[in-house]
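A.B. asks: Sharing data11.cif (mmCIF, C-alpha atoms) below.
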```cif
data_structure
#
loop_
_atom_site.group_PDB
_atom_site.id
_atom_site.type_symbol
_atom_site.label_atom_id
_atom_site.label_comp_id
_atom_site.auth_asym_id
_atom_site.auth_seq_id
_atom_site.Cartn_x
_atom_site.Cartn_y
_atom_site.Cartn_z
ATOM 1 C CA MET A 198 54.910 -24.982 155.972
ATOM 2 C CA ARG A 199 56.657 -21.991 154.491
ATOM 3 C CA ILE A 200 60.401 -21.771 153.961
ATOM 4 C CA SER A 201 61.819 -18.546 152.595
ATOM 5 C CA VAL A 202 65.468 -17.586 152.091
ATOM 6 C CA GLN A 203 65.322 -13.948 151.130
ATOM 7 C CA ARG A 204 67.206 -10.701 150.883
ATOM 8 C CA ASP A 205 64.275 -8.555 152.024
ATOM 9 C CA ASP A 206 63.288 -7.708 155.574
ATOM 10 C CA PHE A 207 60.000 -8.988 156.922
ATOM 11 C CA ASP A 208 57.330 -8.038 159.426
ATOM 12 C CA ALA A 209 57.420 -10.486 162.326
ATOM 13 C CA GLY A 210 54.060 -9.314 163.671
ATOM 14 C CA ALA A 211 52.358 -9.808 160.342
ATOM 15 C CA GLU A 212 53.828 -13.300 160.048
ATOM 16 C CA ILE A 213 52.562 -14.228 163.500
ATOM 17 C CA ARG A 214 49.101 -12.909 162.706
ATOM 18 C CA LYS A 215 49.077 -15.019 159.549
ATOM 19 C CA LEU A 216 49.956 -18.138 161.548
ATOM 20 C CA ALA A 217 47.351 -17.405 164.204
ATOM 21 C CA GLY A 218 44.829 -18.276 161.549
ATOM 22 C CA ASP A 219 41.259 -19.267 162.263
ATOM 23 C CA GLY A 220 41.273 -19.536 166.046
ATOM 24 C CA SER A 221 42.094 -23.216 166.416
ATOM 25 C CA VAL A 222 45.692 -22.535 167.390
ATOM 26 C CA GLY A 223 46.588 -22.294 171.078
ATOM 27 C CA ALA A 224 50.086 -20.887 170.951
ATOM 28 C CA ILE A 225 52.802 -19.668 168.644
ATOM 29 C CA ALA A 226 56.473 -19.931 169.515
ATOM 30 C CA SER A 227 58.890 -17.727 167.638
ATOM 31 C CA PHE A 228 62.582 -17.089 167.352
ATOM 32 C CA VAL A 229 64.067 -13.974 165.822
ATOM 33 C CA GLY A 230 67.770 -13.824 165.121
ATOM 34 C CA LEU A 231 69.312 -10.366 165.111
ATOM 35 C CA VAL A 232 72.453 -8.847 163.681
ATOM 36 C CA ARG A 233 74.349 -7.466 166.635
ATOM 37 C CA ASP A 234 77.118 -4.910 167.051
ATOM 38 C CA VAL A 235 78.571 -4.905 163.557
ATOM 39 C CA PRO A 236 77.262 -5.227 160.016
ATOM 40 C CA MET A 237 77.680 -8.624 158.422
ATOM 41 C CA THR A 238 77.247 -10.337 155.124
ATOM 42 C CA LEU A 239 75.414 -13.614 154.905
ATOM 43 C CA GLU A 240 75.904 -15.595 151.756
ATOM 44 C CA HIS A 241 74.325 -18.929 151.045
ATOM 45 C CA TYR A 242 74.309 -21.812 148.635
ATOM 46 C CA ALA A 243 71.071 -21.227 146.785
ATOM 47 C CA GLY A 244 69.064 -24.418 146.690
ATOM 48 C CA MET A 245 71.009 -26.257 149.361
ATOM 49 C CA THR A 246 70.047 -23.755 152.054
ATOM 50 C CA GLU A 247 66.352 -24.160 151.335
ATOM 51 C CA ARG A 248 66.697 -27.939 151.253
ATOM 52 C CA GLU A 249 68.558 -28.107 154.559
ATOM 53 C CA ILE A 250 66.094 -25.795 156.319
ATOM 54 C CA THR A 251 63.182 -27.772 154.900
ATOM 55 C CA LYS A 252 64.732 -30.989 156.238
ATOM 56 C CA ILE A 253 65.041 -29.442 159.704
ATOM 57 C CA ALA A 254 61.454 -28.210 159.600
ATOM 58 C CA HIS A 255 60.197 -31.655 158.592
ATOM 59 C CA GLU A 256 62.257 -33.248 161.350
ATOM 60 C CA ALA A 257 60.795 -30.833 163.904
ATOM 61 C CA ALA A 258 57.291 -31.574 162.648
ATOM 62 C CA GLN A 259 57.939 -35.282 163.236
ATOM 63 C CA ARG A 260 59.531 -34.892 166.637
ATOM 64 C CA TRP A 261 57.041 -32.444 168.091
ATOM 65 C CA SER A 262 53.350 -31.904 167.510
ATOM 66 C CA VAL A 263 53.259 -28.768 165.469
ATOM 67 C CA ILE A 264 50.435 -27.491 163.319
ATOM 68 C CA ASP A 265 52.509 -25.358 161.016
ATOM 69 C CA VAL A 266 55.999 -23.984 160.654
ATOM 70 C CA THR A 267 57.351 -20.911 158.938
ATOM 71 C CA VAL A 268 61.059 -20.227 158.539
ATOM 72 C CA ILE A 269 62.354 -17.010 157.036
ATOM 73 C CA HIS A 270 66.100 -16.605 156.644
ATOM 74 C CA ARG A 271 67.706 -13.490 155.238
ATOM 75 C CA PHE A 272 70.944 -13.147 153.334
ATOM 76 C CA GLY A 273 73.020 -10.318 151.907
ATOM 77 C CA GLU A 274 74.517 -7.358 153.697
ATOM 78 C CA LEU A 275 72.792 -6.834 157.032
ATOM 79 C CA SER A 276 73.315 -4.107 159.591
ATOM 80 C CA PRO A 277 72.136 -4.014 163.201
ATOM 81 C CA PRO A 278 69.435 -3.896 164.262
ATOM 82 C CA THR A 279 68.258 -6.310 161.622
ATOM 83 C CA ARG A 280 66.352 -9.511 161.706
ATOM 84 C CA SER A 281 68.463 -12.230 160.114
ATOM 85 C CA SER A 282 66.290 -15.224 160.674
ATOM 86 C CA TRP A 283 63.036 -16.173 162.147
ATOM 87 C CA TRP A 284 61.741 -19.478 163.231
ATOM 88 C CA ARG A 285 58.276 -20.029 164.449
ATOM 89 C CA SER A 286 55.818 -22.785 164.889
ATOM 90 C CA GLN A 287 52.492 -23.574 166.345
ATOM 91 C CA PRO A 288 52.695 -26.424 168.824
ATOM 92 C CA LEU A 289 49.601 -28.615 168.680
ATOM 93 C CA ILE A 290 50.070 -29.379 172.355
ATOM 94 C CA ALA A 291 49.417 -25.741 173.174
ATOM 95 C CA ALA A 292 45.741 -26.364 172.586
ATOM 96 C CA ARG A 293 45.709 -27.940 176.062
ATOM 97 C CA HIS A 294 44.986 -25.822 179.093
ATOM 98 C CA SER A 295 48.502 -25.861 180.488
ATOM 99 C CA PRO A 296 51.436 -25.435 178.178
ATOM 100 C CA PRO A 297 54.192 -28.047 178.363
ATOM 101 C CA ALA A 298 57.048 -27.199 180.654
ATOM 102 C CA SER A 299 59.443 -27.970 177.869
ATOM 103 C CA SER A 300 58.022 -25.494 175.392
ATOM 104 C CA SER A 301 60.764 -22.939 175.835
ATOM 105 C CA TRP A 302 63.379 -25.651 175.581
ATOM 106 C CA THR A 303 61.948 -27.041 172.388
ATOM 107 C CA THR A 304 61.773 -23.593 170.903
ATOM 108 C CA SER A 305 65.397 -22.849 171.610
ATOM 109 C CA ARG A 306 66.318 -26.340 170.484
ATOM 110 C CA ARG A 307 64.598 -25.844 167.164
ATOM 111 C CA ALA A 308 66.241 -22.500 166.779
ATOM 112 C CA ARG A 309 69.574 -24.104 167.535
ATOM 113 C CA LEU A 310 68.992 -26.832 164.970
ATOM 114 C CA LEU A 311 68.377 -24.160 162.400
ATOM 115 C CA GLU A 312 71.455 -22.197 163.385
ATOM 116 C CA GLU A 313 73.621 -25.305 163.301
ATOM 117 C CA ARG A 314 72.470 -26.717 160.030
ATOM 118 C CA ALA A 315 71.948 -23.872 157.659
ATOM 119 C CA PRO A 316 75.325 -23.200 156.085
ATOM 120 C CA ARG A 317 76.004 -19.527 155.871
ATOM 121 C CA ARG A 318 78.803 -17.096 156.365
ATOM 122 C CA ARG A 319 78.969 -14.333 158.861
ATOM 123 C CA GLY A 320 81.474 -11.615 158.307
ATOM 124 C CA ARG A 321 81.891 -7.945 158.902
ATOM 125 C CA VAL A 322 81.260 -5.834 155.887
ATOM 126 C CA GLY A 323 84.807 -5.001 155.009
ATOM 127 C CA ARG A 324 86.127 -1.542 155.679
ATOM 128 C CA SER A 325 89.583 -2.713 154.691
ATOM 129 C CA GLN A 326 90.917 -5.956 153.320
ATOM 130 C CA GLY A 327 93.369 -6.316 156.162
ATOM 131 C CA PHE A 328 90.597 -6.210 158.695
ATOM 132 C CA ARG A 329 88.663 -8.916 156.941
ATOM 133 C CA ARG A 330 91.656 -11.150 156.545
ATOM 134 C CA ARG A 331 92.400 -11.023 160.224
ATOM 135 C CA GLY A 332 89.494 -13.301 160.793
ATOM 136 C CA ALA A 333 86.530 -10.999 160.845
ATOM 137 C CA GLU A 334 84.866 -13.313 158.401
ATOM 138 C CA ARG A 335 83.336 -16.359 159.816
ATOM 139 C CA TRP A 336 81.168 -19.074 158.530
ATOM 140 C CA THR A 337 78.283 -19.901 160.739
ATOM 141 C CA GLY A 338 76.040 -22.857 160.616
ATOM 142 C CA THR A 339 77.030 -26.449 160.144
ATOM 143 C CA GLY A 340 79.757 -26.691 162.705
ATOM 144 C CA LYS A 341 79.579 -30.424 163.046
ATOM 145 C CA ASP A 342 80.651 -33.408 161.105
ATOM 146 C CA PRO A 343 78.088 -33.894 158.319
ATOM 147 C CA GLY A 344 77.753 -37.568 159.163
ATOM 148 C CA ALA A 345 76.890 -36.720 162.738
ATOM 149 C CA THR A 346 73.966 -34.502 161.831
ATOM 150 C CA LYS A 347 72.343 -36.814 159.323
ATOM 151 C CA GLY A 348 70.563 -39.175 161.635
ATOM 152 C CA ARG A 349 69.451 -36.775 164.316
ATOM 153 C CA VAL B 264 84.669 -37.285 134.031
ATOM 154 C CA LYS B 265 83.095 -33.861 133.842
ATOM 155 C CA VAL B 266 81.887 -32.233 137.055
ATOM 156 C CA LYS B 267 80.888 -28.744 138.143
ATOM 157 C CA LEU B 268 82.825 -27.160 141.001
ATOM 158 C CA LEU B 269 81.504 -24.377 143.233
ATOM 159 C CA PHE B 270 83.593 -22.327 145.660
ATOM 160 C CA PHE B 271 82.148 -20.292 148.504
ATOM 161 C CA ALA B 272 83.248 -17.417 150.722
ATOM 162 C CA SER B 273 87.000 -17.165 151.332
ATOM 163 C CA LEU B 274 87.661 -20.028 148.911
ATOM 164 C CA ARG B 275 85.928 -18.103 146.145
ATOM 165 C CA GLU B 276 87.892 -14.990 147.047
ATOM 166 C CA GLN B 277 91.197 -16.856 147.125
ATOM 167 C CA LEU B 278 90.572 -18.573 143.809
ATOM 168 C CA GLY B 279 88.990 -15.565 142.147
ATOM 169 C CA THR B 280 86.113 -17.577 140.733
ATOM 170 C CA PRO B 281 82.744 -18.813 142.004
ATOM 171 C CA GLY B 282 83.149 -22.102 140.173
ATOM 172 C CA GLU B 283 84.187 -23.953 137.064
ATOM 173 C CA GLU B 284 83.545 -26.990 134.936
ATOM 174 C CA VAL B 285 86.369 -29.517 135.041
ATOM 175 C CA ASP B 286 87.181 -32.707 133.199
ATOM 176 C CA LEU B 287 88.773 -34.988 135.780
ATOM 177 C CA PRO B 288 91.290 -37.771 135.153
ATOM 178 C CA SER B 289 89.732 -41.220 135.520
ATOM 179 C CA GLY B 290 91.487 -41.863 138.838
ATOM 180 C CA VAL B 291 89.689 -39.024 140.566
ATOM 181 C CA THR B 292 86.577 -40.691 141.916
ATOM 182 C CA THR B 293 86.142 -39.293 145.435
ATOM 183 C CA VAL B 294 85.927 -35.878 147.043
ATOM 184 C CA ALA B 295 89.291 -36.470 148.730
ATOM 185 C CA ALA B 296 90.907 -37.349 145.396
ATOM 186 C CA LEU B 297 89.346 -34.272 143.815
ATOM 187 C CA ARG B 298 90.794 -32.093 146.548
ATOM 188 C CA GLU B 299 94.197 -33.688 145.977
ATOM 189 C CA HIS B 300 93.803 -33.059 142.260
ATOM 190 C CA LEU B 301 93.103 -29.363 142.920
ATOM 191 C CA ILE B 302 96.114 -29.092 145.241
ATOM 192 C CA GLN B 303 98.292 -30.422 142.416
ATOM 193 C CA ARG B 304 97.363 -27.371 140.361
ATOM 194 C CA GLY B 305 99.452 -25.339 142.775
ATOM 195 C CA GLY B 306 99.176 -21.572 143.099
ATOM 196 C CA ALA B 307 95.983 -20.312 144.691
ATOM 197 C CA TYR B 308 94.489 -23.806 144.506
ATOM 198 C CA GLY B 309 97.382 -25.323 146.361
ATOM 199 C CA LYS B 310 97.028 -22.707 149.054
ATOM 200 C CA ALA B 311 93.256 -22.918 149.308
ATOM 201 C CA PHE B 312 93.025 -26.702 149.449
ATOM 202 C CA GLY B 313 96.427 -27.718 150.734
ATOM 203 C CA GLY B 314 96.450 -25.800 153.985
ATOM 204 C CA LYS B 315 95.635 -27.148 157.382
ATOM 205 C CA ALA B 316 92.240 -25.479 157.329
ATOM 206 C CA LEU B 317 89.327 -27.824 157.047
ATOM 207 C CA VAL B 318 87.441 -27.607 153.789
ATOM 208 C CA ARG B 319 83.957 -28.991 153.759
ATOM 209 C CA ALA B 320 82.253 -30.343 150.686
ATOM 210 C CA ALA B 321 78.788 -30.988 149.356
ATOM 211 C CA VAL B 322 77.947 -33.232 146.414
ATOM 212 C CA ASN B 323 74.720 -32.329 144.659
ATOM 213 C CA GLN B 324 73.798 -30.126 147.627
ATOM 214 C CA ASP B 325 74.280 -32.746 150.334
ATOM 215 C CA MET B 326 77.137 -32.368 152.799
ATOM 216 C CA VAL B 327 79.511 -35.326 152.412
ATOM 217 C CA GLN B 328 82.622 -36.924 153.863
ATOM 218 C CA PRO B 329 85.911 -36.860 151.917
ATOM 219 C CA SER B 330 85.392 -40.510 150.982
ATOM 220 C CA ALA B 331 82.169 -39.712 149.119
ATOM 221 C CA PRO B 332 82.199 -40.790 145.464
ATOM 222 C CA ILE B 333 81.824 -38.358 142.598
ATOM 223 C CA LYS B 334 80.578 -39.161 139.164
ATOM 224 C CA ALA B 335 80.049 -37.409 135.859
ATOM 225 C CA GLY B 336 77.623 -34.525 136.052
ATOM 226 C CA ASP B 337 77.927 -34.011 139.803
ATOM 227 C CA GLU B 338 77.954 -30.575 141.370
ATOM 228 C CA VAL B 339 80.681 -30.427 144.004
ATOM 229 C CA ALA B 340 80.728 -27.420 146.330
ATOM 230 C CA PHE B 341 83.567 -26.477 148.675
ATOM 231 C CA PHE B 342 83.150 -24.342 151.796
ATOM 232 C CA PRO B 343 85.551 -23.002 154.372
ATOM 233 C CA PRO B 344 85.033 -24.193 157.950
ATOM 234 C CA VAL B 345 82.027 -22.866 159.809
ATOM 235 C CA THR B 346 81.704 -21.413 163.278
ATOM 236 C CA GLY B 347 78.841 -20.365 165.506
ATOM 237 C CA GLY B 348 77.263 -16.970 165.146
#
```
Would it be possible to restate this file's structure as structure tokens?
C.D. replies:
Amino acid sequence: MRISVQRDDFDAGAEIRKLAGDGSVGAIASFVGLVRDVPMTLEHYAGMTEREITKIAHEAAQRWSVIDVTVIHRFGELSPPTRSSWWRSQPLIAARHSPPASSSWTTSRRARLLEERAPRRRGRVGRSQGFRRRGAERWTGTGKDPGATKGR
Amino acid sequence: VKVKLLFFASLREQLGTPGEEVDLPSGVTTVAALREHLIQRGGAYGKAFGGKALVRAAVNQDMVQPSAPIKAGDEVAFFPPVTGG
């Protein structure tokens, strides 16, 4: 399992090739989040972000049969088109001949868990203060009551 | 009771500081009481914590409810509300 919260861009293809490994893996599911339309700044609570993402990854590994998980999440000032996060995993069940019908659901579900739980802020990179104050800045991530997410 | 406070995003911008060390009165033992204590400071603090906007908190890097206890040495972080992206 690899969890990385980083400022630098990354090569999705290279990461997938790394996960493909020795030939015992049947499938890799991936999710790539992109910055769309306008530049944004992601800031994060160093330490807590890694811990929360690690918790989600461990939870996914318990709920579904995965061989390995890598999560890369960027922060800082990001402009489109830019990868902001990437979630991927290798489902153990993919070693079977037919993939599970739910594989796309579980992938989007995992991606959603990550998006919901990792506290971060999305905001346009300010051209003027007035613009930012009118609500261009948004926090994204934990939109739910903290108590409600604990036991999931 | 000495604790470390951290402010993020618009809270940090409003308060003009990323955080501070504070020595709390003995009656301040929960996150809700701490927030009330900060409101009492007035000025930017009153505005940042006294408004209708939800402020979320984490104690020692775990998200908590307002009723969560705080003790000496804790790191208490405040965030503005979050939305989907």
A.B. asks: I need the residue nearest chain A from this list: B:Ala335, B:Ala340, B:Ala321, B:Met326. Use only C-alpha atoms for the distance.
C.D. replies: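 Selected residue with least distance to chain A: B:Met326.
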A.B. asks: Nearest to Gly314 of chain B: which of B:Ile302, B:Ala295, B:Val266, B:Ala272 is it, counting all atoms listed in the file?
C.D. replies: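 Comparing B:Ile302, B:Ala295, B:Val266, B:Ala272 against Gly314 of chain B, the winner is B:Ile302.
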A.B. asks: Return as a list in words the residues belonging to chain B that are within 10 Å of chain A, counting only C-alpha atoms.
C.D. replies: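 Within 10 Å of chain A on chain B, we get Leu269, Phe270, Phe271, Ala272, Ser273, Arg319, Ala320, Ala321, Asn323, Gln324, Asp325, Met326, Val327, Gln328, Ala340, Phe342, Pro343, Pro344, Val345, Thr346, Gly347 and Gly348 of chain B.
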A.B. asks: Work out how far atom CA of Val268 of chain A is from atom CA of Ala209 of chain A, in Å to one decimal.
C.D. replies: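 Result for atom CA of Ala209 of chain A versus atom CA of Val268 of chain A: 11.1 Å, one decimal.
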A.B. asks: Could you give me, as a VMD selection string, the residues within 10 Å of Pro278 of chain A, counting all atoms listed in the file and dropping anything in the same chain fewer than 4 positions from it?
C.D. replies: chain A and resid 231 to 236
A.B. asks: Evaluate the PyMOL selection byres ((chain B and resi 338) around 6) against this structure - the residues, as a ChimeraX atom specification, please.
C.D. replies: /B:267-268,322-323,337,339
A.B. asks: How far is it from atom CA of Val266 of chain A to atom CA of Arg199 of chain A, in Å with one decimal?
C.D. replies: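 Going from atom CA of Val266 of chain A over to atom CA of Arg199 of chain A covers 6.5 Å.
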A.B. asks: Of the candidates A:Val202, A:Ser227, A:Gly273, A:Gln259, which shows the shortest atom-to-atom distance to Arg214 of chain A, using all atoms listed in the file?
C.D. replies: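 Ranked by minimum distance to Arg214 of chain A, first place goes to A:Ser227.
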